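Working notes for the structure below.
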Number of protein chains: 2
Amino acid sequence: MATIYDVAKAANVSPKTVSRVLNGDAPVGDKTRDAVNAAMAELGYVPSNAARMMRSNRSGLIGLITGAISAPTENVQVAGLPELMLVQGIQQIIGLSGKTLMIADSGGQRDRVPHLIETFVRHRVEGLIYVAEYHQKVQLPRLPDDVPMVLANCFDDAGTPAVLPDDRRGQHDLVARLIAAGHERIAYLTLREDIVATGLRKAGYRDALAEAHLPYDASLVQCGELINPDGETQVLWDAIDRMLRLPVPPTVFCCGNDRLALKVYGILRSRGLLVPSEISVAGYDNYRVIAETLYPPLTTVELPYTAMGVRAAQRLIGLISGEGREDLAPSIVAGPVQWRGSVTDRRPNNVSQLKIVREE
Amino acid sequence: MATIYDVAKAANVSPKTVSRVLNGDAPVGDKTRDAVNAAMAELGYVPSNAARMMRSNRSGLIGLITGAISAPTENVQVAGLPELMLVQGIQQIIGLSGKTLMIADSGGQRDRVPHLIETFVRHRVEGLIYVAEYHQKVQLPRLPDDVPMVLANCFDDAGTPAVLPDDRRGQHDLVARLIAAGHERIAYLTLREDIVATGLRKAGYRDALAEAHLPYDASLVQCGELINPDGETQVLWDAIDRMLRLPVPPTVFCCGNDRLALKVYGILRSRGLLVPSEISVAGYDNYRVIAETLYPPLTTVELPYTAMGVRAAQRLIGLISGEGREDLAPSIVAGPVQWRGSVTDRRPNNVSQLKIVREE
DNA sequence: TCAGCTTATGACACCGATGTCATGACACCG
DNA sequence: CGGTGTCATGACATCGGTGTCATAAGCTGA
């Protein structure tokens, strides 16, 4: 591969002059510049980042570690999409800043992370982003002091800057919207108890009930997901069955995520109940492959992955340029409710009174 | 950040000796080695890849460009997962080879690809993989001659080595399996005509019919997808309606992909038809979020993305080590049929006669 | 006309590793 | 005892750019 010396020789100038043409950091005569450009094109010259970096000590690289690190029993294929969207948001911002994103995939093995970090440090990345596939707590090895890091969709005990989804507010907004639509008996089929989001969303659910002075009924809140997915459909069926037999049964099922809602559709229909005319269903995630494809389309809450990626990248860029190292509070990003045909609107006029604005 | 000179000074040896400890390429005295290791740990020394690369001229980097380059009207969120699985397969092999994967995301803008390639060449990647989100034809800018490239899930006119899914065989295997299960009137709701896979899969569908000496009936093959997704549900409804009113209606609907099958579930059920007892449904992709979550779970064909990624990476490694540059034929990778509860098995004893083995 | 300035260019050292070659200290062997 | 080989180590050049400083040419103004 051609070097700056080859170009200099071909253009009959010194290497330094070629460097000046490349970087435009000092005046160069028009004829000289043309000769250099011609020589570069002729030789197919592309400058070496490694050499440039040695001198300047600035790599222009940002490292990104994407987890796919899941609980051992979890289905690998279910995950992944959130991370992809986070990565796209991150890429947008990093690309704009002129830096290059290096992505490493741990392939689900948590113990590979230290090795990936080591590789990044060898490349002298200017900062690191760690992305988790779902809202969780993580523990990462310590980094050299001069490499800033941001956590996306996860947090740790060490106070590393983090960007998280606003699960509490998202669930609150959805339930508030359901109440405005005339629903008062709102069932909630939650995700597993050990998931961070479950606790937050339950709190949001109660917030909305309390705000509307509706009673909280524990028999309307049940877990619909198992760690071992084998018997899951049965558990879900039983939970739904119990709730439908209550003296005052629910008029809507909120589901822990859109995948759960998809299962609930199947179960309700096999019981002969029509969605939404006889029973309403809502999800969480705005997993569009499901939410928009279901018939009828699913009301859900958007998990603002792309926006979170954007925010995480912005925070990292800020840290790299040295500002605001003292601001350690996590950034919380909320997503809007996506209202679709799976929920009946019993009092449409109420809705106009409700103001929910969530846009990034 | 500490350099090899700092370590040398701290350990009272020459930089070259430190280098020898790092690389183990020449004998070093035990006491010296211990002193050097202690100094490295003390200083938190991590070698600089840039400097190493300058001498050796081998970067140890592989570039990966992931498309998310979709037709303008296509839903961005629907895509992505296939690429992620391809990337995981690629990562497995690249990681084993001791090289580092650099991933760049074009974020859906085709015109950014040349820039990404330029960036990779600046980093002196030893090879490039280009990943597309669905089986398609692409056209990429020319690379420097000494950078080998492999296309994954796509192909071009220039004869660049490619790895592709075996759509024809996949659809054939599924239909053959349906026939073995006693189905003779097999409807096929295809994807858009302009997609490469559609033509191949239709051919596979006809192959299987011909093999079983069943007649091909054009009224059983209809397109179920539109370029503009707005009226799609209506088109699908009409297509299904027409087929169900045929003198001899189909007993099973094959769908172009699992997402389409999800829609078909909704439509069939809203017509009061029970799946699978009254009508069977099959998909394509083995998009597990859908296929395993649907009720009943969906029979489908696996698109072997991970295996394709593995194959692509292996081919690239081969090219880099200089072997087999003459082998230009695309690698075709087939995936197995996933038989689940959405199709009735009318003649279970037949199935044992059918031998379909597809595993990677 | 010449000091003083700007413009255009080159010589040289340097960034942090590693390859090449040289050197000194031993051990072994005839 | 001296020649030869192995081991352990260091001096120095080198990879491909860029920062620093020097230099030569051209222009201005008193």
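Chains: A, B, ... in order of the structure tokens. Residues: from 1 per chain. Ligands: from 1, in order shown.
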Item to complete: Check every residue of chain B for an atom within 12 Å of chain C, counting only C-alpha atoms (C1' of nucleotides), and provide those that qualify as a ChimeraX atom specification.
Response: /B:1-6,15-20,22-23,25,46-57
Filtering to N, CA and C atoms, could you give me those residues as an mmCIF file, in the first residue's frame?
```
data_model
loop_
_atom_site.group_PDB
_atom_site.id
_atom_site.type_symbol
_atom_site.label_atom_id
_atom_site.label_comp_id
_atom_site.auth_asym_id
_atom_site.auth_seq_id
_atom_site.Cartn_x
_atom_site.Cartn_y
_atom_site.Cartn_z
ATOM 1 N N MET B 1 -0.914 7.790 29.169
ATOM 2 C CA MET B 1 -0.851 6.307 29.228
ATOM 3 C C MET B 1 0.598 5.831 29.133
ATOM 4 N N ALA B 2 0.894 4.824 29.943
ATOM 5 C CA ALA B 2 2.288 4.338 30.026
ATOM 6 C C ALA B 2 2.756 3.707 28.718
ATOM 7 N N THR B 3 4.033 3.865 28.414
ATOM 8 C CA THR B 3 4.602 3.255 27.209
ATOM 9 C C THR B 3 5.595 2.173 27.597
ATOM 10 N N ILE B 4 6.109 1.517 26.584
ATOM 11 C CA ILE B 4 7.064 0.449 26.818
ATOM 12 C C ILE B 4 8.359 1.019 27.430
ATOM 13 N N TYR B 5 8.623 2.297 27.166
ATOM 14 C CA TYR B 5 9.824 2.935 27.712
ATOM 15 C C TYR B 5 9.675 3.157 29.216
ATOM 16 N N ASP B 6 8.456 3.559 29.616
ATOM 17 C CA ASP B 6 8.203 3.737 31.046
ATOM 18 C C ASP B 6 8.412 2.417 31.781
ATOM 19 N N PRO B 15 13.893 -1.346 26.507
ATOM 20 C CA PRO B 15 12.555 -1.512 25.930
ATOM 21 C C PRO B 15 12.432 -2.833 25.179
ATOM 22 N N LYS B 16 13.479 -3.208 24.495
ATOM 23 C CA LYS B 16 13.423 -4.440 23.710
ATOM 24 C C LYS B 16 13.152 -5.643 24.594
ATOM 25 N N THR B 17 13.710 -5.654 25.779
ATOM 26 C CA THR B 17 13.470 -6.764 26.690
ATOM 27 C C THR B 17 12.004 -6.805 27.110
ATOM 28 N N VAL B 18 11.447 -5.639 27.352
ATOM 29 C CA VAL B 18 10.019 -5.596 27.673
ATOM 30 C C VAL B 18 9.232 -6.199 26.524
ATOM 31 N N SER B 19 9.601 -5.804 25.315
ATOM 32 C CA SER B 19 8.935 -6.347 24.125
ATOM 33 C C SER B 19 9.026 -7.870 24.107
ATOM 34 N N ARG B 20 10.177 -8.376 24.473
ATOM 35 C CA ARG B 20 10.344 -9.832 24.478
ATOM 36 C C ARG B 20 9.449 -10.498 25.502
ATOM 37 N N LEU B 22 6.592 -9.338 26.467
ATOM 38 C CA LEU B 22 5.237 -9.233 25.937
ATOM 39 C C LEU B 22 4.946 -10.314 24.913
ATOM 40 N N ASN B 23 5.887 -10.532 24.011
ATOM 41 C CA ASN B 23 5.610 -11.407 22.878
ATOM 42 C C ASN B 23 6.149 -12.817 23.052
ATOM 43 N N ASP B 25 8.908 -14.033 22.300
ATOM 44 C CA ASP B 25 9.548 -14.500 21.073
ATOM 45 C C ASP B 25 11.057 -14.732 21.240
ATOM 46 N N VAL B 46 -0.714 -0.997 28.902
ATOM 47 C CA VAL B 46 -1.377 -1.748 27.831
ATOM 48 C C VAL B 46 -0.708 -1.348 26.529
ATOM 49 N N PRO B 47 -0.181 -2.308 25.756
ATOM 50 C CA PRO B 47 0.556 -1.952 24.535
ATOM 51 C C PRO B 47 -0.330 -1.242 23.524
ATOM 52 N N SER B 48 0.271 -0.404 22.737
ATOM 53 C CA SER B 48 -0.481 0.340 21.721
ATOM 54 C C SER B 48 -0.518 -0.434 20.417
ATOM 55 N N ASN B 49 -1.735 -0.727 19.987
ATOM 56 C CA ASN B 49 -1.886 -1.449 18.741
ATOM 57 C C ASN B 49 -1.363 -0.654 17.555
ATOM 58 N N ALA B 50 -1.515 0.639 17.610
ATOM 59 C CA ALA B 50 -1.088 1.471 16.487
ATOM 60 C C ALA B 50 0.408 1.320 16.255
ATOM 61 N N ALA B 51 1.169 1.417 17.332
ATOM 62 C CA ALA B 51 2.617 1.319 17.188
ATOM 63 C C ALA B 51 3.018 -0.071 16.708
ATOM 64 N N ARG B 52 2.392 -1.071 17.298
ATOM 65 C CA ARG B 52 2.705 -2.447 16.908
ATOM 66 C C ARG B 52 2.425 -2.658 15.423
ATOM 67 N N MET B 53 1.296 -2.104 15.007
ATOM 68 C CA MET B 53 0.872 -2.312 13.632
ATOM 69 C C MET B 53 1.819 -1.648 12.648
ATOM 70 N N MET B 54 2.385 -0.518 13.027
ATOM 71 C CA MET B 54 3.262 0.183 12.102
ATOM 72 C C MET B 54 4.453 -0.675 11.717
ATOM 73 N N ARG B 55 5.005 -1.316 12.710
ATOM 74 C CA ARG B 55 6.144 -2.172 12.417
ATOM 75 C C ARG B 55 5.722 -3.408 11.617
ATOM 76 N N SER B 56 4.725 -4.088 12.140
ATOM 77 C CA SER B 56 4.403 -5.394 11.581
ATOM 78 C C SER B 56 3.574 -5.283 10.304
ATOM 79 N N ASN B 57 2.924 -4.145 10.102
ATOM 80 C CA ASN B 57 2.070 -3.956 8.937
ATOM 81 C C ASN B 57 0.892 -4.927 8.913
#
```
Worksheet item: Which residues of chain D are close to chain B, meaning at most 9 Å apart when you count only C-alpha atoms (C1' of nucleotides), and how do they look as a PyMOL selection string?
Response: chain D and resi 7-10+14-16
Discussion item. Applying 10 Å and only C-alpha atoms (C1' of nucleotides), which residues near Ala10 in chain A remain after dropping the ones on its own chain fewer than 5 positions away? List them as a list in words.
Written reply: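 In the requested form, the answer reads Ile4, Tyr5, Ala35, Val36, Ala38, Ala39, Met40, Glu42 and Leu43 of chain A.
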Expected file: the selected residues, C-alpha atoms, as a PDB file, in the first residue's frame:
```
ATOM      1  CA  ILE A   4       3.085   9.447   1.976  1.00  0.00           C
ATOM      2  CA  TYR A   5       6.693   9.061   0.804  1.00  0.00           C
ATOM      3  CA  ALA A  35       0.367  17.693  -8.412  1.00  0.00           C
ATOM      4  CA  VAL A  36      -0.018  16.073  -4.982  1.00  0.00           C
ATOM      5  CA  ALA A  38      -2.930  13.772  -8.864  1.00  0.00           C
ATOM      6  CA  ALA A  39      -0.209  11.608  -7.358  1.00  0.00           C
ATOM      7  CA  MET A  40      -2.504  10.447  -4.560  1.00  0.00           C
ATOM      8  CA  GLU A  42      -2.721   7.767  -9.262  1.00  0.00           C
ATOM      9  CA  LEU A  43      -1.308   5.640  -6.470  1.00  0.00           C
TER      10      LEU A  43
END
```
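Distances here use only C-alpha atoms; by that measure, the residue among B:Thr190, B:Thr233, B:Asn12, B:Ser280 closest to chain A is B:Thr233.
Atom pair CA of Gly322 in chain A / CA of Gly107 in chain B has a distance of 28.0 Å (rounded to one decimal).
For the choices A:Met243, A:Leu298, A:Val343, A:Met85, the atom-to-atom distance to chain B is smallest for A:Met85 when using only C-alpha atoms.
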